[in-house]
$ cat model-v6.cif   # mmCIF, C-alpha atoms
data_query
loop_
_atom_site.group_PDB
_atom_site.id
_atom_site.type_symbol
_atom_site.label_atom_id
_atom_site.label_comp_id
_atom_site.auth_asym_id
_atom_site.auth_seq_id
_atom_site.Cartn_x
_atom_site.Cartn_y
_atom_site.Cartn_z
ATOM 1 C CA MET A 560 10.254 23.358 -31.573
ATOM 2 C CA ILE A 561 13.546 25.035 -32.529
ATOM 3 C CA TRP A 562 12.938 27.742 -29.881
ATOM 4 C CA LEU A 563 12.373 25.054 -27.288
ATOM 5 C CA LEU A 564 15.696 23.435 -28.170
ATOM 6 C CA LEU A 565 17.559 26.754 -28.138
ATOM 7 C CA ALA A 566 16.214 27.616 -24.682
ATOM 8 C CA TYR A 567 16.908 24.147 -23.291
ATOM 9 C CA ARG A 568 19.455 23.973 -20.459
ATOM 10 C CA PRO A 569 20.515 20.356 -19.800
ATOM 11 C CA PHE A 570 20.009 19.129 -16.210
ATOM 12 C CA LEU A 571 18.127 22.314 -15.269
ATOM 13 C CA ASP A 572 15.112 22.038 -17.567
ATOM 14 C CA PRO A 573 13.100 18.929 -18.492
ATOM 15 C CA LEU A 574 14.217 17.225 -21.715
ATOM 16 C CA PRO A 575 12.390 18.845 -24.677
ATOM 17 C CA LEU A 576 11.075 15.525 -25.985
ATOM 18 C CA PRO A 577 8.204 15.734 -28.474
ATOM 19 C CA SER A 578 4.886 15.069 -26.776
ATOM 20 C CA GLY A 579 4.025 11.373 -26.657
ATOM 21 C CA TRP A 580 7.605 10.113 -26.906
ATOM 22 C CA TRP A 581 8.370 9.963 -23.173
ATOM 23 C CA TRP A 582 8.089 6.147 -23.211
ATOM 24 C CA LEU A 583 11.392 5.962 -25.121
ATOM 25 C CA THR A 584 13.113 6.741 -21.811
ATOM 26 C CA ILE A 585 12.177 3.195 -20.685
ATOM 27 C CA VAL A 586 15.005 1.809 -22.875
ATOM 28 C CA PRO A 587 17.944 3.601 -21.150
ATOM 29 C CA MET A 588 16.239 3.011 -17.810
ATOM 30 C CA ALA A 589 16.142 -0.757 -18.410
ATOM 31 C CA ALA A 590 19.764 -0.733 -19.619
ATOM 32 C CA LEU A 591 21.078 1.153 -16.557
ATOM 33 C CA ILE A 592 19.023 -0.925 -14.094
ATOM 34 C CA SER A 593 20.490 -4.078 -15.675
ATOM 35 C CA ILE A 594 24.059 -2.765 -15.464
ATOM 36 C CA ALA A 595 23.769 -1.841 -11.765
ATOM 37 C CA TYR A 596 21.907 -5.025 -10.823
ATOM 38 C CA LYS A 597 24.161 -7.431 -12.703
ATOM 39 C CA ALA A 598 27.277 -5.681 -11.348
ATOM 40 C CA VAL A 599 26.170 -6.673 -7.833
ATOM 41 C CA ARG A 600 24.541 -9.972 -8.690
ATOM 42 C CA LYS A 601 26.995 -11.756 -10.963
ATOM 43 C CA PRO A 602 29.591 -13.932 -9.197
ATOM 44 C CA SER A 603 32.056 -13.269 -12.020
ATOM 45 C CA LEU A 604 32.039 -10.342 -14.448
ATOM 46 C CA LYS A 605 32.736 -12.693 -17.347
ATOM 47 C CA GLY A 606 30.001 -12.248 -19.965
ATOM 48 C CA PHE A 607 28.719 -9.211 -18.086
ATOM 49 C CA TRP A 608 27.480 -7.189 -21.068
ATOM 50 C CA VAL A 609 25.628 -10.118 -22.634
ATOM 51 C CA SER A 610 23.942 -10.802 -19.320
ATOM 52 C CA ALA A 611 23.039 -7.135 -18.731
ATOM 53 C CA GLY A 612 21.822 -6.731 -22.323
ATOM 54 C CA SER A 613 19.648 -9.819 -21.998
ATOM 55 C CA MET A 614 18.101 -8.526 -18.767
ATOM 56 C CA ALA A 615 17.468 -5.090 -20.316
ATOM 57 C CA ALA A 616 15.766 -6.702 -23.312
ATOM 58 C CA GLN A 617 13.578 -8.795 -21.007
ATOM 59 C CA ILE A 618 12.506 -5.705 -19.025
ATOM 60 C CA VAL A 619 11.593 -3.782 -22.196
ATOM 61 C CA VAL A 620 9.728 -6.751 -23.730
ATOM 62 C CA PHE A 621 7.738 -7.441 -20.561
ATOM 63 C CA ILE A 622 6.839 -3.757 -20.088
ATOM 64 C CA ALA A 623 5.674 -3.694 -23.726
ATOM 65 C CA LEU A 624 3.625 -6.874 -23.178
ATOM 66 C CA ALA A 625 2.120 -5.455 -19.974
ATOM 67 C CA GLY A 626 1.279 -2.227 -21.831
ATOM 68 C CA PHE A 627 -0.342 -4.188 -24.646
ATOM 69 C CA GLY A 628 -2.286 -6.269 -22.117
ATOM 70 C CA VAL A 629 -3.656 -3.196 -20.327
ATOM 71 C CA HIS A 630 -4.463 -1.561 -23.686
ATOM 72 C CA ALA A 631 -6.357 -4.673 -24.788
ATOM 73 C CA LEU A 632 -8.231 -4.817 -21.482
ATOM 74 C CA VAL A 633 -9.259 -1.143 -21.483
ATOM 75 C CA GLU A 634 -9.856 -0.621 -25.209
ATOM 76 C CA TRP A 635 -11.214 -3.970 -26.361
ATOM 77 C CA ILE A 636 -12.180 -6.413 -23.592
ATOM 78 C CA VAL A 637 -14.017 -4.072 -21.201
ATOM 79 C CA PRO A 638 -15.994 -2.331 -24.017
ATOM 80 C CA ALA A 639 -16.864 -5.760 -25.411
ATOM 81 C CA LEU A 640 -18.129 -6.937 -22.018
ATOM 82 C CA GLY A 641 -20.057 -3.718 -21.526
ATOM 83 C CA GLY A 642 -21.797 -4.149 -24.855
ATOM 84 C CA MET B 939 20.255 -16.458 5.597
ATOM 85 C CA SER B 940 23.026 -18.577 7.045
ATOM 86 C CA ARG B 941 26.553 -17.261 6.539
ATOM 87 C CA SER B 942 29.921 -18.863 6.888
ATOM 88 C CA SER B 943 32.481 -17.339 9.238
ATOM 89 C CA ASP B 944 34.751 -15.936 6.497
ATOM 90 C CA GLU B 945 32.019 -13.616 5.242
ATOM 91 C CA SER B 946 32.806 -10.602 7.382
ATOM 92 C CA LEU B 947 31.190 -7.251 8.031
ATOM 93 C CA GLN B 948 33.024 -4.544 6.046
ATOM 94 C CA LEU B 949 31.949 -1.329 7.798
ATOM 95 C CA GLY B 950 34.452 0.888 5.959
ATOM 96 C CA ALA B 951 33.336 -0.407 2.574
ATOM 97 C CA GLY B 952 29.704 0.119 3.584
ATOM 98 C CA VAL B 953 30.358 3.735 4.540
ATOM 99 C CA LEU B 954 32.272 4.358 1.292
ATOM 100 C CA ALA B 955 29.393 2.805 -0.681
ATOM 101 C CA ILE B 956 27.048 5.322 0.958
ATOM 102 C CA VAL B 957 29.403 8.234 0.183
ATOM 103 C CA LEU B 958 29.635 7.390 -3.532
ATOM 104 C CA PRO B 959 27.972 4.511 -5.419
ATOM 105 C CA GLY B 960 30.528 1.809 -6.274
ATOM 106 C CA LEU B 961 33.244 3.192 -3.988
ATOM 107 C CA GLY B 962 32.689 0.439 -1.418
ATOM 108 C CA HIS B 963 33.402 -2.319 -3.923
ATOM 109 C CA ALA B 964 36.378 -0.386 -5.322
ATOM 110 C CA ALA B 965 37.811 -0.151 -1.794
ATOM 111 C CA LEU B 966 37.497 -3.935 -1.487
ATOM 112 C CA GLY B 967 39.667 -4.296 -4.589
ATOM 113 C CA GLN B 968 36.766 -4.961 -6.959
ATOM 114 C CA THR B 969 37.424 -1.881 -9.068
ATOM 115 C CA LYS B 970 35.626 -3.042 -12.215
ATOM 116 C CA ARG B 971 32.540 -4.088 -10.258
ATOM 117 C CA GLY B 972 32.561 -0.746 -8.435
ATOM 118 C CA ALA B 973 32.868 1.147 -11.727
ATOM 119 C CA LEU B 974 29.913 -0.757 -13.179
ATOM 120 C CA ILE B 975 27.804 -0.047 -10.075
ATOM 121 C CA ALA B 976 28.729 3.646 -10.340
ATOM 122 C CA LEU B 977 27.820 3.645 -14.036
ATOM 123 C CA GLY B 978 24.418 2.085 -13.378
ATOM 124 C CA VAL B 979 23.443 4.027 -10.252
ATOM 125 C CA LEU B 980 24.848 7.445 -11.183
ATOM 126 C CA GLY B 981 23.711 6.956 -14.797
ATOM 127 C CA LEU B 982 20.156 6.452 -13.548
ATOM 128 C CA PHE B 983 20.372 9.356 -11.112
ATOM 129 C CA PHE B 984 21.790 11.925 -13.535
ATOM 130 C CA GLY B 985 19.706 10.426 -16.358
ATOM 131 C CA GLY B 986 16.654 11.246 -14.239
ATOM 132 C CA ILE B 987 17.830 14.825 -13.780
ATOM 133 C CA LEU B 988 18.537 15.078 -17.525
ATOM 134 C CA ILE B 989 15.030 13.843 -18.391
ATOM 135 C CA GLY B 990 12.951 15.613 -15.738
ATOM 136 C CA GLY B 991 15.245 18.538 -14.959
ATOM 137 C CA ILE B 992 16.697 19.369 -11.553
ATOM 138 C CA ASP B 993 13.100 19.636 -10.297
ATOM 139 C CA SER B 994 12.975 15.808 -10.280
ATOM 140 C CA ILE B 995 14.944 15.895 -7.007
ATOM 141 C CA ASP B 996 12.638 17.759 -4.644
ATOM 142 C CA ALA B 997 12.570 16.830 -0.964
ATOM 143 C CA LYS B 998 10.069 19.610 -0.246
ATOM 144 C CA ASN B 999 7.266 18.762 -2.685
ATOM 145 C CA ASP B 1000 8.020 15.097 -3.461
ATOM 146 C CA ARG B 1001 9.059 13.915 -0.009
ATOM 147 C CA TRP B 1002 8.369 10.194 -0.444
ATOM 148 C CA TRP B 1003 10.155 10.035 -3.789
ATOM 149 C CA PHE B 1004 13.122 11.726 -2.140
ATOM 150 C CA VAL B 1005 13.255 9.022 0.554
ATOM 151 C CA GLY B 1006 14.213 6.576 -2.202
ATOM 152 C CA GLN B 1007 16.445 9.066 -4.014
ATOM 153 C CA ALA B 1008 18.358 9.838 -0.801
ATOM 154 C CA LEU B 1009 19.782 6.292 -0.888
ATOM 155 C CA VAL B 1010 22.127 7.479 -3.673
ATOM 156 C CA GLY B 1011 23.973 9.339 -0.895
ATOM 157 C CA PRO B 1012 25.318 12.902 -0.590
ATOM 158 C CA THR B 1013 24.894 13.379 -4.366
ATOM 159 C CA ALA B 1014 21.087 13.321 -3.921
ATOM 160 C CA PHE B 1015 21.213 15.838 -1.061
ATOM 161 C CA ALA B 1016 23.451 18.130 -3.144
ATOM 162 C CA ALA B 1017 21.020 17.939 -6.102
ATOM 163 C CA ASN B 1018 18.107 18.716 -3.784
ATOM 164 C CA TRP B 1019 20.009 21.677 -2.325
ATOM 165 C CA VAL B 1020 20.638 23.049 -5.838
ATOM 166 C CA ASN B 1021 16.954 22.635 -6.722
ATOM 167 C CA GLN B 1022 15.734 24.340 -3.531
ATOM 168 C CA SER B 1023 18.240 27.194 -4.037
ATOM 169 C CA LEU B 1024 17.069 27.753 -7.616
ATOM 170 C CA SER B 1025 13.442 27.538 -6.528
ATOM 171 C CA SER B 1026 13.821 30.122 -3.746
ATOM 172 C CA SER B 1027 15.758 32.527 -5.990
ATOM 173 C CA ASP B 1028 13.191 32.285 -8.799
ATOM 174 C CA PRO B 1029 10.918 35.391 -8.789
ATOM 175 C CA SER B 1030 8.256 33.603 -10.833
ATOM 176 C CA GLU B 1031 7.575 31.291 -7.880
ATOM 177 C CA THR B 1032 7.244 34.008 -5.232
ATOM 178 C CA ALA B 1033 5.822 36.956 -7.150
ATOM 179 C CA GLY B 1034 2.247 38.114 -6.631
ATOM 180 C CA PRO B 1035 -0.422 39.010 -9.195
ATOM 181 C CA GLY B 1036 0.624 41.382 -11.954
ATOM 182 C CA TRP B 1037 4.212 40.191 -12.072
ATOM 183 C CA GLU B 1038 5.586 39.923 -15.599
ATOM 184 C CA GLU B 1039 8.393 37.622 -16.605
ATOM 185 C CA THR B 1040 11.288 39.510 -18.181
ATOM 186 C CA SER B 1041 14.085 36.986 -17.771
ATOM 187 C CA PRO B 1042 14.137 33.180 -18.048
ATOM 188 C CA PRO B 1043 13.330 31.273 -14.831
ATOM 189 C CA ALA B 1044 16.207 29.781 -12.847
ATOM 190 C CA ARG B 1045 14.864 26.368 -13.805
ATOM 191 C CA VAL B 1046 11.722 25.146 -15.539
ATOM 192 C CA LYS B 1047 9.393 23.142 -13.301
ATOM 193 C CA SER B 1048 8.867 19.731 -14.853
ATOM 194 C CA ILE B 1049 5.387 18.251 -15.128
ATOM 195 C CA ALA B 1050 3.550 15.167 -16.372
ATOM 196 C CA HIS B 1051 5.355 12.100 -17.754
ATOM 197 C CA LEU B 1052 8.832 13.643 -17.964
ATOM 198 C CA ASN B 1053 8.674 14.632 -14.292
ATOM 199 C CA GLU B 1054 7.432 11.151 -13.365
ATOM 200 C CA MET B 1055 10.179 9.439 -15.375
ATOM 201 C CA GLY B 1056 12.850 11.749 -13.938
ATOM 202 C CA MET B 1057 11.747 10.985 -10.380
ATOM 203 C CA LEU B 1058 11.441 7.270 -11.164
ATOM 204 C CA PHE B 1059 14.985 7.097 -12.627
ATOM 205 C CA ALA B 1060 16.487 8.771 -9.547
ATOM 206 C CA THR B 1061 14.443 6.690 -7.090
ATOM 207 C CA ILE B 1062 15.385 3.393 -8.760
ATOM 208 C CA ALA B 1063 19.015 4.583 -8.602
ATOM 209 C CA GLY B 1064 18.653 4.934 -4.823
ATOM 210 C CA MET B 1065 17.071 1.517 -4.395
ATOM 211 C CA LEU B 1066 19.762 -0.176 -6.499
ATOM 212 C CA ASN B 1067 22.435 1.611 -4.480
ATOM 213 C CA LEU B 1068 20.894 0.164 -1.303
ATOM 214 C CA ILE B 1069 21.526 -3.324 -2.721
ATOM 215 C CA ALA B 1070 25.116 -2.285 -3.542
ATOM 216 C CA ILE B 1071 25.620 -0.862 -0.027
ATOM 217 C CA ILE B 1072 24.380 -4.096 1.577
ATOM 218 C CA ASP B 1073 26.605 -6.139 -0.758
ATOM 219 C CA ALA B 1074 29.654 -4.003 0.130
ATOM 220 C CA LEU B 1075 28.857 -4.293 3.862
ATOM 221 C CA TRP B 1076 28.811 -8.093 3.845
ATOM 222 C CA ASN B 1077 31.134 -8.700 0.971
ATOM 223 C CA ALA B 1078 32.329 -12.252 0.669
ATOM 224 C CA PRO B 1079 35.828 -12.927 -0.666
ATOM 225 C CA ALA B 1080 35.844 -12.894 -4.475
ATOM 226 C CA GLU B 1081 36.217 -16.648 -4.832
ATOM 227 C CA ARG B 1082 33.101 -17.256 -2.741
ATOM 228 C CA ARG B 1083 30.800 -14.815 -4.482
ATOM 229 C CA GLY B 1084 29.565 -17.617 -6.702
ATOM 230 C CA ALA B 1085 28.529 -19.732 -3.743
ATOM 231 C CA ARG B 1086 26.176 -17.311 -2.040
ATOM 232 C CA GLY B 1087 26.242 -13.507 -1.905
ATOM 233 C CA VAL B 1088 23.917 -11.140 -0.060
ATOM 234 C CA VAL B 1089 21.701 -10.704 -3.102
ATOM 235 C CA GLY B 1090 21.780 -14.463 -3.610
ATOM 236 C CA ASP B 1091 20.547 -14.895 -0.047
ATOM 237 C CA LEU B 1092 17.725 -12.412 -0.646
ATOM 238 C CA GLU B 1093 16.690 -14.429 -3.676
ATOM 239 C CA GLY B 1094 16.794 -17.687 -1.756
ATOM 240 C CA GLY B 1095 20.146 -18.707 -3.184
ATOM 241 C CA ARG B 1096 18.700 -19.059 -6.711
ATOM 242 C CA ARG B 1097 21.405 -19.152 -9.370
#

$ encode --input "model-v6.cif" --output "structure tokens"
Amino acid sequence: MIWLLLAYRPFLDPLPLPSGWWWLTIVPMAALISIAYKAVRKPSLKGFWVSAGSMAAQIVVFIALAGFGVHALVEWIVPALGG
Amino acid sequence: MSRSSDESLQLGAGVLAIVLPGLGHAALGQTKRGALIALGVLGLFFGGILIGGIDSIDAKNDRWWFVGQALVGPTAFAANWVNQSLSSSDPSETAGPGWEETSPPARVKSIAHLNEMGMLFATIAGMLNLIAIIDALWNAPAERRGARGVVGDLEGGRR
């Protein structure tokens, strides 16, 4: 792992994230989407960060719920129906 | 999609919004709004490159992703140019059988989830910038933004 980090060149090479942790990138993605969207959408920038933070939290929660739903369908419901 | 007469077409702001995310709004005097748009759009775009590497912007091999990414403007074309230049100068991508790597590649080709997330970040950046470009093009005076903006119209005026 240390060799991977030493050889890493930001913006040229992919981020040396440990395998299986890629989903953490959803959090900054939700935050930045919310900032850009609310910057265009809000009539006034008063309370901007609360509004953007709330939207980011909603995106992350709903992605997590959707992930849990698909997991339940594939791992539990479909096997149960199939016997 | 009805508009009142004081909501005018701002061609200059639209062009500036294409040149650099947020610049259109800044030119209309909405500096803070423009800065926030730039933070969101460019943060997503360069965040994508940080996560997936420069290979996330690839008009040659990921053409349809690049269609969305191109909406970020000249920045996306510059990133693609850098990626194609590195790719063509990399001996590991053109060498035949028996070639042995003695120096690090110009850039590591990204694969799997990190490549997907990198491309997704940059493509969402482009799509959000399209909304910002449209908003800069038909920008209502600041005091009327609350009544009905372009995005408000697209959402059926929902507040």

$ residues_around --input "model-v6.cif" --residues "segment 588-600 of chain A" --least-positions-apart "5" --cutoff "6 Å" --atoms "only C-alpha atoms" --output "ChimeraX atom specification"
/A:611,614-615 /B:971,974-975,978

$ write_last_selection --input "model-v6.cif" --atoms "C-alpha atoms" --output "mmCIF file, in the frame of the given file"
data_model
loop_
_atom_site.group_PDB
_atom_site.id
_atom_site.type_symbol
_atom_site.label_atom_id
_atom_site.label_comp_id
_atom_site.auth_asym_id
_atom_site.auth_seq_id
_atom_site.Cartn_x
_atom_site.Cartn_y
_atom_site.Cartn_z
ATOM 1 C CA ALA A 611 23.039 -7.135 -18.731
ATOM 2 C CA MET A 614 18.101 -8.526 -18.767
ATOM 3 C CA ALA A 615 17.468 -5.090 -20.316
ATOM 4 C CA ARG B 971 32.540 -4.088 -10.258
ATOM 5 C CA LEU B 974 29.913 -0.757 -13.179
ATOM 6 C CA ILE B 975 27.804 -0.047 -10.075
ATOM 7 C CA GLY B 978 24.418 2.085 -13.378
#

$ residues_around --input "model-v6.cif" --residues "Asn1053 of chain B" --least-positions-apart "5" --cutoff "10 Å" --atoms "all atoms listed in the file" --output "list in words"
Pro573 and Leu574 of chain A; Gly986, Ile987, Ile989, Gly990, Gly991, Ile992, Asp993, Ser994, Ile995, Lys1047, Ser1048, Leu1058 and Phe1059 of chain B

$ atom_distance --input "model-v6.cif" --atom1 "atom CA of Lys998 of chain B" --atom2 "atom CA of Asn1018 of chain B"
8.8 Å

$ atom_distance --input "model-v6.cif" --atom1 "atom CA of Ala1070 of chain B" --atom2 "atom CA of Met1057 of chain B"
20.0 Å

$ axis_aligned_box --input "model-v6.cif" --around "segment 608-623 of chain A" --padding-each-side "6 Å" --output "lines of an AutoDock Vina configuration file"
center_x = 16.6
center_y = -7.2
center_z = -21.2
size_x = 33.8
size_y = 19.1
size_z = 17.0

$ resolve_selection --input "model-v6.cif" --expression "the PyMOL selection byres ((chain B and resi 1008) around 12)" --output "number ranges by chain"
B: 956-959, 983, 995-997, 1000-1007, 1009-1018, 1057, 1060-1068

$ write_last_selection --input "model-v6.cif" --atoms "C-alpha atoms" --output "short mmCIF file (atom, residue, chain, number, x, y, z; two decimals), keeping the file's coordinate frame"
data_model
loop_
_atom_site.label_atom_id
_atom_site.label_comp_id
_atom_site.auth_asym_id
_atom_site.auth_seq_id
_atom_site.Cartn_x
_atom_site.Cartn_y
_atom_site.Cartn_z
CA ILE B 956 27.05 5.32 0.96
CA VAL B 957 29.40 8.23 0.18
CA LEU B 958 29.64 7.39 -3.53
CA PRO B 959 27.97 4.51 -5.42
CA PHE B 983 20.37 9.36 -11.11
CA ILE B 995 14.94 15.90 -7.01
CA ASP B 996 12.64 17.76 -4.64
CA ALA B 997 12.57 16.83 -0.96
CA ASP B 1000 8.02 15.10 -3.46
CA ARG B 1001 9.06 13.92 -0.01
CA TRP B 1002 8.37 10.19 -0.44
CA TRP B 1003 10.15 10.04 -3.79
CA PHE B 1004 13.12 11.73 -2.14
CA VAL B 1005 13.26 9.02 0.55
CA GLY B 1006 14.21 6.58 -2.20
CA GLN B 1007 16.44 9.07 -4.01
CA LEU B 1009 19.78 6.29 -0.89
CA VAL B 1010 22.13 7.48 -3.67
CA GLY B 1011 23.97 9.34 -0.90
CA PRO B 1012 25.32 12.90 -0.59
CA THR B 1013 24.89 13.38 -4.37
CA ALA B 1014 21.09 13.32 -3.92
CA PHE B 1015 21.21 15.84 -1.06
CA ALA B 1016 23.45 18.13 -3.14
CA ALA B 1017 21.02 17.94 -6.10
CA ASN B 1018 18.11 18.72 -3.78
CA MET B 1057 11.75 10.98 -10.38
CA ALA B 1060 16.49 8.77 -9.55
CA THR B 1061 14.44 6.69 -7.09
CA ILE B 1062 15.38 3.39 -8.76
CA ALA B 1063 19.02 4.58 -8.60
CA GLY B 1064 18.65 4.93 -4.82
CA MET B 1065 17.07 1.52 -4.39
CA LEU B 1066 19.76 -0.18 -6.50
CA ASN B 1067 22.44 1.61 -4.48
CA LEU B 1068 20.89 0.16 -1.30
#

$ atom_distance --input "model-v6.cif" --atom1 "atom CA of Gly628 of chain A" --atom2 "atom CA of Leu982 of chain B"
27.2 Å

$ closest_residue --input "model-v6.cif" --among "A:Gly612, A:Pro602, A:Tyr567, A:Trp580" --to "chain B" --atoms "all atoms listed in the file"
A:Pro602

$ closest_residue --input "model-v6.cif" --among "A:Trp581, A:Ser603, A:Val586, A:Pro575" --to "Ile622 of chain A" --atoms "all atoms listed in the file"
A:Val586

$ residues_around --input "model-v6.cif" --residues "Gly962 of chain B" --least-positions-apart "5" --cutoff "10 Å" --atoms "only C-alpha atoms" --output "list in words"
Gln948, Leu949, Gly950, Ala951, Gly952, Val953, Leu954, Ala955, Ile956, Val957, Gly967, Gln968, Thr969, Arg971, Gly972, Ile975, Ala1070, Ile1071, Ile1072, Asp1073, Ala1074, Leu1075 and Asn1077 of chain B
